[in-house]
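Engineer: I'd like to ask you about the structure that follows.
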Amino acid sequence: DPPRPHLRQVVAQLLVEAGADPVRVARNLYFTTPASRLLLLGAALNNLHREGRIAWLWVTQKDMVRTSAAEEDCEGIVNYALSVAAKDHMKVIIPLIGDCATCTGGGIGQYLAWHKKTSFQDFFTDPALIAAYERHIDAVLNHRNTITGVLYRDDPTILAWENCNMCGIFSIFMHGNLADVARWSETIGEHIKSVDHHHLYLDTTGIFRNDPEILNNPSVDAFAFEEYPHWDSILGATTNHTTAETIAQYASTVVSHNKVFIWNEFGWDKTDWPT
């Protein structure tokens, strides 16, 4: 029997017969996309791991250096992650700001640097900083996935938007006004829901133990916390140290306010403070 054509050849032939221009496709895919972006995408997909219903991928600073990639070359990697999740009926929570390996103070520190501010509390109170963060949110929510064609704000694969990664600990460390953080959280939640009417809003400021009033914020659907006993003294938990029992208590407290509690990180090793 003659050899059967490869599936890619069959698909390519069908596309040509439907009117696709191979030269134009090649030009748009290979000749207008920087090699660094293609190499970085390859590194991200090579890092793709899956365990049951959980999958994750990442790029490291070493990947960026090895592929000579710039920050803008990261554009589009999330599209692939969402498309993989959609095919496997997974749900994704997307942090809108998180850690930053090259920024002093993480992602918040980058906003402070852009606006020439020095106090972390300014991120929660300065109108210009809040407006800048809201513009970033608008750009993310209105981004169209180039693979699926779906706007992020309409993507059923996305479960929730996370406002930050324990950003309230800066105010706790520096004895700032936690009410400012709670008001910021509500401001951000209201803004997200004015743009996106489909997804949940997750607060991970991490202040609800210290300022329970934030649990009354109407825009918040869920609260998350990261449980590390070696944080207790720094976070002011002088009498209610982290144990399996206190985690259950936190969950009960949050649920009593008709919110969902998410225990998104934990670690019992008191020797890993440097990490």
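Just so we're on the same page: first chain in the structure tokens is A, next is B, and so on; residues restart at 1 for each chain, and ligands are numbered from 1 in the order they show up.
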Could you pull out all residues of range 12-189 of chain A with a DSSP call of strand (DSSP E or B) and give them as a ChimeraX atom specification?
Structural biologist: /A:49-51,54-56,92-95,144,151,158-162
Engineer: Please, could you write that set of residues out with N, CA, C and O atoms as a JSON list (two decimals), in the first residue's frame?
Structural biologist:
```json
[["chain", "number", "residue", "atom", "x", "y", "z"],
["A", 49, "HIS", "N", 3.68, 21.09, 32.58],
["A", 49, "HIS", "CA", 3.54, 19.88, 33.40],
["A", 49, "HIS", "C", 2.06, 19.68, 33.72],
["A", 49, "HIS", "O", 1.29, 20.63, 33.82],
["A", 50, "ARG", "N", 1.72, 18.43, 33.91],
["A", 50, "ARG", "CA", 0.33, 18.12, 34.25],
["A", 50, "ARG", "C", 0.28, 16.97, 35.23],
["A", 50, "ARG", "O", 1.02, 15.99, 35.09],
["A", 51, "GLU", "N", -0.57, 17.13, 36.25],
["A", 51, "GLU", "CA", -0.85, 16.07, 37.21],
["A", 51, "GLU", "C", -2.35, 16.00, 37.39],
["A", 51, "GLU", "O", -2.95, 16.85, 38.06],
["A", 54, "ILE", "N", -4.69, 19.15, 37.14],
["A", 54, "ILE", "CA", -3.90, 20.35, 37.36],
["A", 54, "ILE", "C", -2.78, 20.39, 36.33],
["A", 54, "ILE", "O", -2.10, 19.40, 36.10],
["A", 55, "ALA", "N", -2.59, 21.55, 35.71],
["A", 55, "ALA", "CA", -1.49, 21.73, 34.75],
["A", 55, "ALA", "C", -0.88, 23.11, 34.97],
["A", 55, "ALA", "O", -1.56, 24.04, 35.40],
["A", 56, "TRP", "N", 0.40, 23.24, 34.69],
["A", 56, "TRP", "CA", 1.05, 24.53, 34.84],
["A", 56, "TRP", "C", 2.24, 24.62, 33.89],
["A", 56, "TRP", "O", 2.82, 23.62, 33.49],
["A", 92, "VAL", "N", -9.22, 28.36, 35.50],
["A", 92, "VAL", "CA", -7.98, 29.09, 35.77],
["A", 92, "VAL", "C", -8.29, 30.33, 36.60],
["A", 92, "VAL", "O", -9.25, 31.06, 36.31],
["A", 93, "ILE", "N", -7.49, 30.57, 37.62],
["A", 93, "ILE", "CA", -7.52, 31.83, 38.38],
["A", 93, "ILE", "C", -6.31, 32.64, 37.94],
["A", 93, "ILE", "O", -5.18, 32.16, 38.01],
["A", 94, "ILE", "N", -6.55, 33.86, 37.49],
["A", 94, "ILE", "CA", -5.46, 34.69, 36.95],
["A", 94, "ILE", "C", -5.14, 35.83, 37.91],
["A", 94, "ILE", "O", -6.00, 36.68, 38.17],
["A", 95, "PRO", "N", -3.92, 35.88, 38.45],
["A", 95, "PRO", "CA", -3.49, 37.03, 39.25],
["A", 95, "PRO", "C", -3.26, 38.24, 38.34],
["A", 95, "PRO", "O", -2.61, 38.12, 37.30],
["A", 144, "ARG", "N", -7.94, 39.81, 23.57],
["A", 144, "ARG", "CA", -8.55, 38.72, 22.81],
["A", 144, "ARG", "C", -7.52, 37.62, 22.62],
["A", 144, "ARG", "O", -6.42, 37.86, 22.11],
["A", 151, "LEU", "N", -12.46, 36.97, 24.04],
["A", 151, "LEU", "CA", -11.97, 37.97, 24.98],
["A", 151, "LEU", "C", -11.80, 37.33, 26.35],
["A", 151, "LEU", "O", -12.63, 36.52, 26.78],
["A", 158, "ILE", "N", -11.72, 30.86, 32.43],
["A", 158, "ILE", "CA", -11.27, 31.66, 33.57],
["A", 158, "ILE", "C", -12.32, 31.60, 34.67],
["A", 158, "ILE", "O", -13.50, 31.88, 34.44],
["A", 159, "LEU", "N", -11.89, 31.23, 35.87],
["A", 159, "LEU", "CA", -12.80, 31.15, 37.01],
["A", 159, "LEU", "C", -12.87, 32.48, 37.75],
["A", 159, "LEU", "O", -13.95, 32.93, 38.13],
["A", 160, "ALA", "N", -11.72, 33.10, 37.97],
["A", 160, "ALA", "CA", -11.69, 34.30, 38.80],
["A", 160, "ALA", "C", -10.47, 35.15, 38.49],
["A", 160, "ALA", "O", -9.47, 34.65, 37.95],
["A", 161, "TRP", "N", -10.57, 36.42, 38.84],
["A", 161, "TRP", "CA", -9.45, 37.36, 38.79],
["A", 161, "TRP", "C", -8.96, 37.60, 40.21],
["A", 161, "TRP", "O", -9.75, 37.95, 41.10],
["A", 162, "GLU", "N", -7.67, 37.42, 40.44],
["A", 162, "GLU", "CA", -7.06, 37.64, 41.76],
["A", 162, "GLU", "C", -6.44, 39.03, 41.80],
["A", 162, "GLU", "O", -5.66, 39.39, 40.91]]
```
Engineer: Which residues are close to Thr148 in chain A, i.e. within 10 Å by only C-alpha atoms, leaving aside same-chain residues fewer than 6 positions away? Reply as a PyMOL selection string.
Structural biologist: chain A and resi 79-80+82-83+86+155
Engineer: Grab the residues selected above and save them as a PDB file, in the first residue's frame with C-alpha atoms.
Structural biologist:
```
ATOM      1  CA  ASN A  79      -3.168  32.245  25.435  1.00  0.00           C
ATOM      2  CA  TYR A  80      -1.639  28.786  25.055  1.00  0.00           C
ATOM      3  CA  LEU A  82      -5.860  28.948  28.473  1.00  0.00           C
ATOM      4  CA  SER A  83      -6.361  26.938  25.292  1.00  0.00           C
ATOM      5  CA  ALA A  86     -10.169  24.770  27.887  1.00  0.00           C
ATOM      6  CA  ASP A 155     -13.646  33.229  28.538  1.00  0.00           C
TER       7      ASP A 155
END
```
